[in-house]
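J.: I am sharing structure-v6.cif, which consists of mmCIF, C-alpha atoms:
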data_upload
#
loop_
_atom_site.label_atom_id
_atom_site.label_comp_id
_atom_site.auth_asym_id
_atom_site.auth_seq_id
_atom_site.Cartn_x
_atom_site.Cartn_y
_atom_site.Cartn_z
CA MET A 5 27.38 -7.43 74.84
CA ALA A 6 28.21 -4.44 72.64
CA THR A 7 29.17 -5.10 69.02
CA LYS A 8 32.89 -4.76 68.45
CA TRP A 9 34.06 -1.87 66.27
CA ILE A 10 37.08 -1.89 63.97
CA CYS A 11 38.38 1.53 62.93
CA GLU A 12 41.12 1.99 60.36
CA LYS A 13 42.30 4.20 57.48
CA ARG A 14 42.61 2.81 54.00
CA LEU A 15 42.56 4.21 50.45
CA PHE A 16 39.16 3.48 48.94
CA LYS A 17 39.21 1.03 46.02
CA ASP A 18 36.35 -0.81 44.32
CA THR A 19 38.12 -4.16 44.56
CA TRP A 20 38.26 -4.48 48.35
CA ILE A 21 35.18 -2.42 49.22
CA ARG A 22 32.83 -4.61 47.16
CA ASN A 23 34.31 -7.72 48.79
CA LEU A 24 34.26 -6.28 52.31
CA SER A 25 33.09 -8.77 54.94
CA SER A 26 33.54 -8.96 58.73
CA ASP A 27 31.88 -10.12 61.93
CA CYS A 28 32.54 -6.70 63.42
CA ARG A 29 31.13 -3.25 62.68
CA MET A 30 33.71 -1.27 60.74
CA GLN A 31 34.50 2.40 60.15
CA ILE A 32 37.14 2.97 57.51
CA SER A 33 38.43 6.43 56.52
CA ASP A 34 39.65 7.24 53.02
CA GLY A 35 43.17 8.56 52.71
CA SER A 36 42.62 10.75 49.63
CA VAL A 37 39.55 12.84 50.59
CA PRO A 38 39.66 14.38 54.11
CA GLY A 39 36.59 13.53 56.20
CA LEU A 40 35.35 10.74 53.88
CA TYR A 41 34.67 7.42 55.60
CA LEU A 42 32.48 4.33 55.30
CA ARG A 43 30.60 2.22 57.80
CA TYR A 44 30.04 -1.50 57.43
CA SER A 45 27.24 -3.39 59.23
CA PRO A 46 27.82 -7.14 59.73
CA LYS A 47 24.11 -7.61 60.35
CA THR A 48 22.85 -6.19 57.03
CA HIS A 49 26.16 -6.16 55.09
CA ASN A 50 25.30 -2.59 54.07
CA ILE A 51 28.15 -0.18 53.30
CA SER A 52 27.28 3.50 53.84
CA PHE A 53 29.42 6.56 53.12
CA TYR A 54 29.71 9.76 55.16
CA LEU A 55 31.57 13.04 55.10
CA ILE A 56 32.50 14.60 58.45
CA CYS A 57 32.95 18.36 58.33
CA LEU A 58 32.41 21.65 60.15
CA ILE A 59 29.49 23.75 58.85
CA ARG A 60 30.76 27.33 59.07
CA MET A 61 27.27 28.86 58.98
CA THR A 62 26.24 27.03 62.17
CA GLY A 63 29.64 26.20 63.71
CA GLN A 64 28.50 22.58 64.11
CA GLN A 65 30.32 19.42 63.12
CA LYS A 66 28.17 17.18 60.94
CA ASN A 67 28.34 13.66 59.60
CA LEU A 68 26.79 14.13 56.17
CA PHE A 69 25.30 11.00 54.63
CA LEU A 70 26.53 10.53 51.05
CA GLY A 71 24.62 7.33 50.24
CA ARG A 72 25.12 3.58 50.08
CA LEU A 73 27.45 1.60 47.89
CA ASN A 74 24.63 0.42 45.62
CA ASP A 75 23.67 4.04 44.90
CA TYR A 76 26.85 4.48 42.83
CA GLU A 77 28.47 2.76 39.88
CA ASN A 78 31.92 2.97 41.42
CA VAL A 79 33.81 4.37 44.38
CA GLU A 80 35.25 7.22 42.32
CA GLN A 81 31.73 8.72 42.03
CA ILE A 82 31.51 8.74 45.83
CA LYS A 83 34.82 10.52 46.10
CA GLU A 84 33.76 13.11 43.53
CA LYS A 85 30.56 13.83 45.46
CA ALA A 86 32.54 14.18 48.69
CA ARG A 87 34.93 16.66 47.04
CA CYS A 88 32.01 18.74 45.70
CA TRP A 89 30.39 18.86 49.13
CA ARG A 90 33.66 19.88 50.77
CA GLN A 91 34.04 22.71 48.23
CA THR A 92 30.49 23.88 48.94
CA ILE A 93 31.29 23.96 52.67
CA ILE A 94 34.56 25.83 52.09
CA GLU A 95 32.59 28.46 50.12
CA GLY A 96 30.23 28.87 53.06
CA GLY A 97 27.34 26.83 51.75
CA ASN A 98 25.40 23.91 53.17
CA PRO A 99 25.53 20.85 50.88
CA MET A 100 22.49 19.29 52.55
CA GLU A 101 20.38 22.33 51.73
CA THR A 102 21.72 22.30 48.17
CA GLN A 103 20.87 18.60 47.91
CA ARG A 104 17.34 19.22 49.13
CA GLU A 105 16.89 21.97 46.54
CA ILE A 106 18.12 19.65 43.80
CA ILE A 107 15.74 16.90 44.88
CA LYS A 108 12.86 19.38 45.12
CA ALA A 109 13.59 20.66 41.60
CA GLN A 110 13.68 17.08 40.31
CA VAL A 111 10.32 16.31 41.94
CA ILE A 112 8.75 19.45 40.45
CA ALA A 113 10.20 18.68 37.03
CA GLU A 114 8.89 15.12 37.21
CA SER A 115 5.42 16.32 38.20
CA LYS A 116 5.37 18.62 35.16
CA LYS A 117 6.57 15.89 32.83
CA ARG A 118 3.38 15.11 30.94
CA LYS A 119 2.62 13.02 27.90
CA PHE A 120 1.07 14.51 24.78
CA GLU A 121 -2.07 12.38 25.03
CA SER A 122 -3.05 13.50 28.54
CA LEU A 123 -2.33 17.17 27.79
CA PHE A 124 -4.28 17.04 24.52
CA TYR A 125 -7.35 15.79 26.42
CA GLU A 126 -6.85 18.59 28.94
CA TYR A 127 -6.52 21.14 26.11
CA MET A 128 -9.78 19.95 24.53
CA GLU A 129 -11.58 20.14 27.88
CA LYS A 130 -10.24 23.49 29.08
CA TYR A 131 -9.86 25.38 25.80
CA SER A 132 -11.81 23.84 22.91
CA THR A 133 -15.11 23.43 24.77
CA LEU A 134 -15.01 27.14 25.64
CA TYR A 135 -13.87 28.69 22.38
CA LYS A 136 -14.73 26.28 19.56
CA LYS A 137 -17.96 25.19 17.93
CA GLN A 138 -19.06 21.59 18.35
CA ARG A 139 -18.45 20.86 14.68
CA THR A 140 -14.85 22.07 15.04
CA ILE A 141 -14.39 20.05 18.23
CA ASP A 142 -15.58 16.89 16.44
CA SER A 143 -13.16 17.64 13.60
CA ASN A 144 -10.29 18.15 16.08
CA TRP A 145 -10.94 14.77 17.69
CA THR A 146 -10.87 13.14 14.25
CA GLU A 147 -7.54 14.82 13.43
CA TYR A 148 -6.14 13.70 16.79
CA ARG A 149 -7.28 10.10 16.28
CA LEU A 150 -6.09 9.81 12.66
CA TYR A 151 -2.92 11.89 12.59
CA LEU A 152 -1.64 13.02 16.01
CA LYS A 153 -2.13 10.12 18.39
CA ASP A 154 0.10 7.53 16.70
CA ILE A 155 3.01 9.97 16.29
CA PHE A 156 2.92 12.04 19.49
CA GLY A 157 0.54 10.21 21.86
CA ASP A 158 3.15 8.51 24.06
CA MET A 159 5.80 11.25 23.81
CA TYR A 160 6.58 13.54 26.72
CA VAL A 161 5.77 17.08 25.62
CA GLU A 162 9.21 18.39 26.56
CA ASP A 163 10.77 15.83 24.18
CA ILE A 164 8.86 17.03 21.10
CA GLU A 165 11.20 19.01 18.87
CA GLU A 166 10.99 20.78 15.52
CA GLN A 167 12.30 17.77 13.61
CA HIS A 168 9.49 15.58 15.01
CA VAL A 169 6.87 18.07 13.81
CA MET A 170 8.49 18.39 10.37
CA ASP A 171 8.63 14.61 9.96
CA ALA A 172 4.99 14.32 11.08
CA TYR A 173 3.92 16.97 8.56
CA ALA A 174 5.62 15.02 5.76
CA VAL A 175 3.77 11.86 6.83
CA TRP A 176 0.41 13.69 6.85
CA VAL A 177 0.98 15.14 3.37
CA LYS A 178 1.89 11.72 2.00
CA LYS A 179 -1.09 10.11 3.71
CA THR A 180 -3.69 12.76 2.82
CA SER A 181 -3.12 16.20 1.28
CA PHE A 182 -1.53 19.57 2.01
CA SER A 183 -4.85 21.03 3.15
CA THR A 184 -5.46 18.25 5.70
CA ALA A 185 -1.84 18.39 6.86
CA ASN A 186 -2.12 22.17 7.30
CA LYS A 187 -5.29 21.80 9.39
CA THR A 188 -3.63 19.20 11.61
CA LEU A 189 -0.53 21.37 11.98
CA SER A 190 -2.75 24.30 12.96
CA LEU A 191 -4.39 22.19 15.66
CA LEU A 192 -1.00 21.09 16.98
CA SER A 193 0.16 24.72 17.00
CA SER A 194 -2.93 25.82 18.94
CA TRP A 195 -2.34 23.04 21.47
CA TRP A 196 1.32 24.10 21.83
CA ASP A 197 0.38 27.74 22.49
CA TRP A 198 -2.04 26.55 25.17
CA CYS A 199 0.75 24.48 26.79
CA GLU A 200 2.95 27.57 26.88
CA SER A 201 0.17 29.51 28.64
CA TYR A 202 -0.01 26.79 31.33
CA LYS A 203 3.82 26.69 31.55
CA TYR A 204 4.04 23.06 30.47
CA LEU A 205 6.37 24.34 27.74
CA PRO A 206 8.61 27.42 27.62
CA ARG A 207 7.39 30.61 25.95
CA ARG A 208 8.11 31.12 22.24
CA SER A 209 9.09 27.47 21.78
CA ASN A 210 6.35 26.50 19.30
CA PRO A 211 8.08 24.63 16.42
CA CYS A 212 4.90 24.53 14.29
CA LYS A 213 5.46 28.16 13.32
CA TYR A 214 8.66 27.22 11.49
CA VAL A 215 7.27 24.35 9.40
CA LYS A 216 6.99 25.33 5.74
CA LYS A 217 3.45 24.65 4.57
CA GLY A 218 2.54 23.45 1.11
CA SER A 219 -0.65 23.93 -0.87
CA ASN A 220 -2.73 21.69 -3.09
CA GLU A 221 -3.16 22.35 -6.76
CA LYS A 222 -5.92 24.88 -7.35
CA PHE A 223 -9.22 23.04 -7.53
CA HIS A 224 -11.71 23.96 -10.23
CA PRO A 225 -15.21 22.95 -9.15
CA THR A 226 -17.71 21.43 -11.54
CA VAL A 227 -20.66 23.81 -11.86
CA LEU A 228 -24.08 22.79 -13.12
CA ASP A 229 -25.95 24.83 -15.71
CA LEU A 230 -29.73 24.76 -16.10
CA ASP A 231 -29.65 21.66 -18.29
CA GLY A 232 -27.39 19.89 -15.80
CA TYR A 233 -29.77 20.73 -12.93
CA LYS A 234 -32.71 19.25 -14.85
CA LYS A 235 -30.83 16.02 -15.54
CA LEU A 236 -29.67 15.74 -11.94
CA PHE A 237 -33.12 16.32 -10.43
CA HIS A 238 -34.72 13.85 -12.83
CA TRP A 239 -32.49 11.09 -11.55
CA LEU A 240 -32.76 12.20 -7.92
CA ASN A 241 -36.54 11.77 -8.30
CA VAL A 242 -36.02 8.38 -9.92
CA GLY A 243 -33.65 7.44 -7.10
CA GLN A 244 -36.34 8.16 -4.52
CA GLU A 245 -38.55 5.62 -6.28
CA ASN A 246 -35.89 3.04 -7.05
CA GLY A 247 -32.32 3.95 -6.24
CA GLY A 248 -30.98 0.44 -5.75
CA ARG A 249 -29.38 0.05 -2.35
CA ASN A 250 -29.66 3.79 -1.66
CA HIS A 251 -32.38 4.81 0.77
CA PRO A 252 -34.93 7.37 -0.56
CA ARG A 253 -34.05 9.69 2.34
CA LEU A 254 -30.53 10.10 0.93
CA PHE A 255 -31.87 11.43 -2.39
CA ARG A 256 -34.24 13.87 -0.68
CA THR A 257 -31.38 15.22 1.43
CA VAL A 258 -29.35 15.90 -1.74
CA LYS A 259 -32.35 17.65 -3.31
CA VAL A 260 -32.76 20.00 -0.33
CA LEU A 261 -29.02 20.66 -0.39
CA ALA A 262 -29.22 21.65 -4.07
CA LEU A 263 -32.35 23.79 -3.54
CA THR A 264 -30.94 25.86 -0.67
CA GLY A 265 -27.25 26.36 -1.53
CA CYS A 266 -26.36 25.38 2.03
CA ARG A 267 -23.25 23.62 3.16
CA ALA A 268 -23.70 19.84 3.34
CA SER A 269 -23.45 19.67 7.14
CA GLU A 270 -26.06 22.43 7.52
CA ILE A 271 -28.63 20.16 5.87
CA THR A 272 -27.53 16.74 7.15
CA ASP A 273 -27.44 18.09 10.74
CA LEU A 274 -30.62 20.15 10.34
CA GLU A 275 -32.93 19.91 13.36
CA ILE A 276 -36.72 20.08 13.21
CA ASP A 277 -36.94 23.14 15.48
CA GLU A 278 -34.72 25.03 13.02
CA VAL A 279 -37.26 24.67 10.21
CA MET A 280 -39.90 27.45 10.02
CA LEU A 281 -42.01 26.61 6.99
CA ASP A 282 -44.68 29.25 7.73
CA GLU A 283 -41.97 31.91 7.66
CA LYS A 284 -40.35 30.27 4.62
CA LYS A 285 -36.95 29.96 6.23
CA ILE A 286 -34.51 27.79 8.11
CA HIS A 287 -32.98 29.31 11.22
CA LEU A 288 -29.59 27.65 11.62
CA LYS A 289 -28.55 27.82 15.25
CA ASP A 290 -24.96 27.20 14.27
CA SER A 291 -23.12 27.50 10.98
CA LYS A 292 -19.63 28.35 9.81
CA THR A 293 -20.41 32.06 10.22
CA GLY A 294 -22.65 31.67 13.28
CA ALA A 295 -26.44 31.63 13.54
CA ARG A 296 -28.22 32.67 10.33
CA ASP A 297 -31.48 32.45 8.41
CA VAL A 298 -31.75 30.59 5.11
CA PRO A 299 -34.66 31.68 2.88
CA LEU A 300 -36.67 28.80 1.42
CA ALA A 301 -38.16 28.56 -2.06
CA ASP A 302 -41.46 26.74 -2.56
CA ALA A 303 -39.71 23.65 -3.96
CA ALA A 304 -37.47 23.40 -0.88
CA ILE A 305 -40.46 23.87 1.45
CA LYS A 306 -42.27 20.99 -0.29
CA GLU A 307 -39.30 18.64 0.16
CA LEU A 308 -38.78 19.60 3.81
CA ARG A 309 -42.48 19.20 4.66
CA GLU A 310 -42.54 15.73 3.13
CA ALA A 311 -39.28 14.79 4.85
CA MET A 312 -40.63 15.69 8.30
CA GLU A 313 -43.92 13.92 7.60
CA GLU A 314 -42.12 10.72 6.61
CA THR A 315 -39.88 10.61 9.68
CA LYS A 316 -42.24 11.86 12.42
CA ASP A 317 -42.76 8.30 13.71
CA LEU A 318 -39.01 8.00 14.37
CA HIS A 319 -39.27 10.72 17.07
CA SER A 320 -35.93 12.14 16.01
CA LYS A 321 -34.86 15.75 16.48
CA TYR A 322 -33.33 15.69 13.00
CA VAL A 323 -35.16 16.46 9.76
CA PHE A 324 -33.08 13.74 8.11
CA PRO A 325 -32.42 11.08 10.78
CA GLY A 326 -29.67 8.50 10.40
CA LEU A 327 -30.67 5.30 8.62
CA LYS A 328 -29.35 3.06 11.40
CA ASP A 329 -29.72 5.36 14.39
CA PRO A 330 -32.47 8.03 14.26
CA ASN A 331 -30.80 9.82 17.18
CA ARG A 332 -27.93 10.66 14.87
CA PRO A 333 -28.05 12.81 11.71
CA ILE A 334 -27.99 11.17 8.29
CA ASP A 335 -24.58 10.54 6.74
CA ASN A 336 -22.99 9.19 3.56
CA ILE A 337 -25.40 11.00 1.23
CA ARG A 338 -22.56 11.06 -1.29
CA LYS A 339 -23.48 7.52 -2.50
CA ALA A 340 -26.90 8.65 -3.67
CA PHE A 341 -25.42 11.79 -5.23
CA GLU A 342 -22.86 9.78 -7.20
CA TRP A 343 -25.57 7.35 -8.33
CA ALA A 344 -27.65 10.23 -9.74
CA LEU A 345 -24.61 11.86 -11.42
CA LYS A 346 -23.70 8.63 -13.14
CA LYS A 347 -27.26 7.99 -14.35
CA ALA A 348 -27.51 11.58 -15.61
CA GLY A 349 -24.22 11.34 -17.48
CA LEU A 350 -22.81 14.31 -15.54
CA PRO A 351 -19.12 14.69 -14.63
CA HIS A 352 -17.70 13.95 -11.18
CA MET A 353 -18.72 16.54 -8.58
CA ARG A 354 -18.24 17.19 -4.90
CA LEU A 355 -21.30 17.82 -2.75
CA HIS A 356 -19.89 21.29 -2.13
CA ASP A 357 -20.05 21.94 -5.88
CA LEU A 358 -23.84 22.14 -5.50
CA ARG A 359 -23.23 25.25 -3.40
CA HIS A 360 -20.96 26.69 -6.10
CA SER A 361 -23.61 25.89 -8.69
CA PHE A 362 -26.41 27.53 -6.68
CA ILE A 363 -24.51 30.81 -6.23
CA THR A 364 -23.22 30.79 -9.81
CA MET A 365 -26.71 30.18 -11.20
CA GLY A 366 -27.97 33.24 -9.35
CA ALA A 367 -25.07 35.39 -10.58
CA ASN A 368 -25.52 34.24 -14.16
CA MET A 369 -29.23 35.06 -13.98
CA GLY A 370 -28.35 38.61 -12.98
CA GLU A 371 -29.31 38.35 -9.31
CA SER A 372 -27.82 40.90 -6.93
CA MET A 373 -24.48 39.83 -5.51
CA ASN A 374 -25.55 41.14 -2.09
CA ALA A 375 -28.67 38.96 -2.27
CA MET A 376 -26.54 35.92 -3.15
CA LYS A 377 -24.15 36.78 -0.30
CA ASP A 378 -27.04 36.72 2.20
CA ALA A 379 -28.50 33.55 0.71
CA ALA A 380 -25.15 31.78 0.97
CA GLY A 381 -24.49 33.05 4.49
CA HIS A 382 -21.14 34.59 3.61
CA SER A 383 -19.75 37.25 5.93
CA ARG A 384 -18.00 39.06 3.04
CA ILE A 385 -19.11 39.64 -0.53
CA THR A 386 -15.61 38.81 -1.78
CA THR A 387 -16.21 35.23 -0.62
CA THR A 388 -19.42 35.09 -2.66
CA GLU A 389 -17.59 36.40 -5.70
CA MET A 390 -15.08 33.57 -5.40
CA TYR A 391 -17.96 31.09 -5.70
CA THR A 392 -19.27 32.47 -8.99
CA HIS A 393 -18.16 30.82 -12.20
CA LEU A 394 -19.33 32.24 -15.52
CA THR A 395 -20.26 29.69 -18.17
CA HIS A 396 -18.23 29.40 -21.36
CA ALA A 397 -21.11 30.81 -23.41
CA GLN A 398 -21.38 33.91 -21.22
CA THR A 399 -17.62 34.45 -21.40
CA PHE A 400 -17.80 34.19 -25.20
CA VAL A 401 -20.61 36.79 -25.33
CA ALA A 402 -18.61 39.15 -23.10
CA VAL A 403 -15.52 38.84 -25.30
CA ASN A 404 -17.61 39.55 -28.41
CA HIS A 405 -19.11 42.65 -26.80
CA ILE A 406 -15.64 43.99 -26.03
CA THR A 407 -14.22 43.33 -29.49
CA GLU A 408 -17.31 44.78 -31.21
CA ALA A 409 -16.86 48.00 -29.24
CA ILE A 410 -13.19 48.15 -30.19
CA CYS A 411 -13.86 47.61 -33.89
CA GLU A 412 -16.74 50.07 -34.26
#
Show this structure as structure tokens.
T.:
Amino acid sequence: MATKWICEKRLFKDTWIRNLSSDCRMQISDGSVPGLYLRYSPKTHNISFYLICLIRMTGQQKNLFLGRLNDYENVEQIKEKARCWRQTIIEGGNPMETQREIIKAQVIAESKKRKFESLFYEYMEKYSTLYKKQRTIDSNWTEYRLYLKDIFGDMYVEDIEEQHVMDAYAVWVKKTSFSTANKTLSLLSSWWDWCESYKYLPRRSNPCKYVKKGSNEKFHPTVLDLDGYKKLFHWLNVGQENGGRNHPRLFRTVKVLALTGCRASEITDLEIDEVMLDEKKIHLKDSKTGARDVPLADAAIKELREAMEETKDLHSKYVFPGLKDPNRPIDNIRKAFEWALKKAGLPHMRLHDLRHSFITMGANMGESMNAMKDAAGHSRITTTEMYTHLTHAQTFVAVNHITEAICE
């Protein structure tokens, strides 16, 4: 037997619609919006809404499905949707096609909605591995882990705004320094530009470009004179014999660093196949300025030869293997350096100050600035000049020479 239908017309209200119940199937038309009606199913108790209208483009009458009662907060929202669809039809459009376009746009937008963490990994894979050196890549991962992940990791990229970046920069400065904060901001800016290229973010939307950067107070390095070098090397030699908890390999690494004027990472990461003792040089496959040769003095050759002899049984590719893992380069040589400085009664120094001292010593001895530029591996001589620091005594002599000439 066919299910009985009840058809009637009644102004839609939330009160009676939400309490609607019947043993019969019902179709009820609304009195305020032409063509709007609902259907009630006694079997499922579902209430569905439709709009009956004539599509001018096709000349066909359609029952357009507006949705179910639970899809809306109230009946007024259903009426408003019905009115909008009627207006679209009056203007010659097809509301179903419009609805499909809206849904399609929402799906596309949702598929492009990515979190910072996933896009940062993609950036490192697609961009950094192609255009950055391994040392820079390692540094970027450290900056991400320490400074970017906690702030932006779970954020959707489209939700990141200028205020978030400015607040993050303030946190980084407070936590570290202006220089570290500026490096992290530069990485974030590079990542943002990459996102714009892949259309994850709109063009010219990078907020990093508008963050005002600060700068640290100008640092004045401590530079060793000849007497300071002698004191330092005496205690580095003592440290190799008995440096407390410091391994002898740490002291030898510092000695080679001081004897070559290299950057710390160029010596700690030095590989055996980069050392050419017969040619009296180190051929660095990668450095800050690219591949380069470092000339070796006899004292440096002696230390390197002994270092490789001592570690040959470890079968490591590094001249100075790690103390715990020979497959990794040595690290934390600063402890041995600080031990020797303290014993020698020398002031606090950075490891990089040994590089300043090496270049300054050469300049003060009258060595050619071009020769010192090549030895240091600088691409420009102006960089080498920034590393030179005349001693107080030499400055005093220069001033005397000037005043004597004036007073003659």
J.: Run the PyMOL selection byres ((chain A and resi 302-310) around 10) on the file and write out the hits as a list in words.
T.: Arg256, Thr257, Lys259, Val260, Leu261, Ala262, Leu263, Thr264, Ile276, Val279, Met280, Leu281, Asp282, Lys284, Lys285, Ile286, Pro299, Leu300, Ala301, Ala311, Met312, Glu313, Glu314, Thr315, Val323 and Phe324 of chain A
J.: Put the listed atoms of segment 296-311 of chain A in a box along x, y and z with 5 Å added on every side and give me the centre and edge lengths in Å to one decimal, as JSON.
T.:
{"center_x": -35.4, "center_y": 23.7, "center_z": 3.2, "size_x": 24.3, "size_y": 27.9, "size_z": 24.3}
J.: What is the atom CA of Arg72 of chain A to atom CA of Ser26 of chain A distance in Å?
T.: 17.4 Å
J.: Kindly provide, as a VMD selection string, the polymer residues lying within 12 Å of (-19.3, 28.2, 17.6), counting all atoms listed in the file and using the coordinates exactly as they appear in the file.
T.: chain A and resid 132 to 142 288 to 295
J.: Go through the shown structure with the PyMOL selection byres ((chain A and resi 174) around 12) and write out the matching residues as a ChimeraX atom specification.
T.: /A:151,155,167-173,175-182,184-186,188-189,215-218
J.: With distances taken over only C-alpha atoms, which residue among A:Ser201, A:Gln91, A:Thr364, A:Ser194 lies nearest Lys213 of chain A?
T.: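 Smallest distance to Lys213 of chain A is found for A:Ser194.
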J.: Could you please fill out segment 173-197 of chain A with N, CA and C atoms and send it back as a PDB file, in the frame of the given file?
T.:
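rebuild-v9.pdb, freshly written:
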ATOM      1  N   TYR A 173       4.583  16.240   9.646  1.00  0.00           N
ATOM      2  CA  TYR A 173       3.920  16.970   8.560  1.00  0.00           C
ATOM      3  C   TYR A 173       4.122  16.247   7.225  1.00  0.00           C
ATOM      4  N   ALA A 174       5.334  15.756   7.000  1.00  0.00           N
ATOM      5  CA  ALA A 174       5.620  15.020   5.760  1.00  0.00           C
ATOM      6  C   ALA A 174       4.777  13.748   5.673  1.00  0.00           C
ATOM      7  N   VAL A 175       4.596  13.076   6.802  1.00  0.00           N
ATOM      8  CA  VAL A 175       3.770  11.860   6.830  1.00  0.00           C
ATOM      9  C   VAL A 175       2.316  12.208   6.512  1.00  0.00           C
ATOM     10  N   TRP A 176       1.808  13.298   7.091  1.00  0.00           N
ATOM     11  CA  TRP A 176       0.410  13.690   6.850  1.00  0.00           C
ATOM     12  C   TRP A 176       0.179  14.039   5.385  1.00  0.00           C
ATOM     13  N   VAL A 177       1.123  14.764   4.787  1.00  0.00           N
ATOM     14  CA  VAL A 177       0.980  15.140   3.370  1.00  0.00           C
ATOM     15  C   VAL A 177       0.941  13.895   2.491  1.00  0.00           C
ATOM     16  N   LYS A 178       1.832  12.945   2.786  1.00  0.00           N
ATOM     17  CA  LYS A 178       1.890  11.720   2.000  1.00  0.00           C
ATOM     18  C   LYS A 178       0.619  10.890   2.180  1.00  0.00           C
ATOM     19  N   LYS A 179       0.085  10.917   3.386  1.00  0.00           N
ATOM     20  CA  LYS A 179      -1.090  10.110   3.710  1.00  0.00           C
ATOM     21  C   LYS A 179      -2.367  10.744   3.195  1.00  0.00           C
ATOM     22  N   THR A 180      -2.440  12.083   3.206  1.00  0.00           N
ATOM     23  CA  THR A 180      -3.690  12.760   2.820  1.00  0.00           C
ATOM     24  C   THR A 180      -3.428  13.834   1.765  1.00  0.00           C
ATOM     25  N   SER A 181      -3.333  15.065   2.188  1.00  0.00           N
ATOM     26  CA  SER A 181      -3.120  16.200   1.280  1.00  0.00           C
ATOM     27  C   SER A 181      -2.523  17.352   2.063  1.00  0.00           C
ATOM     28  N   PHE A 182      -2.073  18.390   1.329  1.00  0.00           N
ATOM     29  CA  PHE A 182      -1.530  19.570   2.010  1.00  0.00           C
ATOM     30  C   PHE A 182      -2.586  20.245   2.878  1.00  0.00           C
ATOM     31  N   SER A 183      -3.810  20.320   2.388  1.00  0.00           N
ATOM     32  CA  SER A 183      -4.850  21.030   3.150  1.00  0.00           C
ATOM     33  C   SER A 183      -5.138  20.333   4.468  1.00  0.00           C
ATOM     34  N   THR A 184      -5.224  18.998   4.464  1.00  0.00           N
ATOM     35  CA  THR A 184      -5.460  18.250   5.700  1.00  0.00           C
ATOM     36  C   THR A 184      -4.254  18.353   6.628  1.00  0.00           C
ATOM     37  N   ALA A 185      -3.057  18.261   6.054  1.00  0.00           N
ATOM     38  CA  ALA A 185      -1.840  18.390   6.860  1.00  0.00           C
ATOM     39  C   ALA A 185      -1.752  19.770   7.503  1.00  0.00           C
ATOM     40  N   ASN A 186      -2.151  20.806   6.765  1.00  0.00           N
ATOM     41  CA  ASN A 186      -2.120  22.170   7.300  1.00  0.00           C
ATOM     42  C   ASN A 186      -3.114  22.344   8.439  1.00  0.00           C
ATOM     43  N   LYS A 187      -4.291  21.735   8.310  1.00  0.00           N
ATOM     44  CA  LYS A 187      -5.290  21.800   9.390  1.00  0.00           C
ATOM     45  C   LYS A 187      -4.779  21.102  10.639  1.00  0.00           C
ATOM     46  N   THR A 188      -4.157  19.943  10.459  1.00  0.00           N
ATOM     47  CA  THR A 188      -3.630  19.200  11.610  1.00  0.00           C
ATOM     48  C   THR A 188      -2.485  19.964  12.264  1.00  0.00           C
ATOM     49  N   LEU A 189      -1.636  20.564  11.440  1.00  0.00           N
ATOM     50  CA  LEU A 189      -0.530  21.370  11.980  1.00  0.00           C
ATOM     51  C   LEU A 189      -1.071  22.568  12.751  1.00  0.00           C
ATOM     52  N   SER A 190      -2.135  23.172  12.270  1.00  0.00           N
ATOM     53  CA  SER A 190      -2.750  24.300  12.960  1.00  0.00           C
ATOM     54  C   SER A 190      -3.295  23.890  14.321  1.00  0.00           C
ATOM     55  N   LEU A 191      -3.902  22.702  14.380  1.00  0.00           N
ATOM     56  CA  LEU A 191      -4.390  22.190  15.660  1.00  0.00           C
ATOM     57  C   LEU A 191      -3.246  21.951  16.620  1.00  0.00           C
ATOM     58  N   LEU A 192      -2.168  21.348  16.132  1.00  0.00           N
ATOM     59  CA  LEU A 192      -1.000  21.090  16.980  1.00  0.00           C
ATOM     60  C   LEU A 192      -0.402  22.404  17.481  1.00  0.00           C
ATOM     61  N   SER A 193      -0.383  23.415  16.622  1.00  0.00           N
ATOM     62  CA  SER A 193       0.160  24.720  17.000  1.00  0.00           C
ATOM     63  C   SER A 193      -0.702  25.376  18.075  1.00  0.00           C
ATOM     64  N   SER A 194      -2.015  25.268  17.942  1.00  0.00           N
ATOM     65  CA  SER A 194      -2.930  25.820  18.940  1.00  0.00           C
ATOM     66  C   SER A 194      -2.731  25.131  20.287  1.00  0.00           C
ATOM     67  N   TRP A 195      -2.587  23.804  20.241  1.00  0.00           N
ATOM     68  CA  TRP A 195      -2.340  23.040  21.470  1.00  0.00           C
ATOM     69  C   TRP A 195      -1.030  23.478  22.112  1.00  0.00           C
ATOM     70  N   TRP A 196       0.002  23.700  21.301  1.00  0.00           N
ATOM     71  CA  TRP A 196       1.320  24.100  21.830  1.00  0.00           C
ATOM     72  C   TRP A 196       1.232  25.468  22.514  1.00  0.00           C
ATOM     73  N   ASP A 197       0.537  26.407  21.882  1.00  0.00           N
ATOM     74  CA  ASP A 197       0.380  27.740  22.490  1.00  0.00           C
ATOM     75  C   ASP A 197      -0.323  27.643  23.832  1.00  0.00           C
TER      76      ASP A 197
END
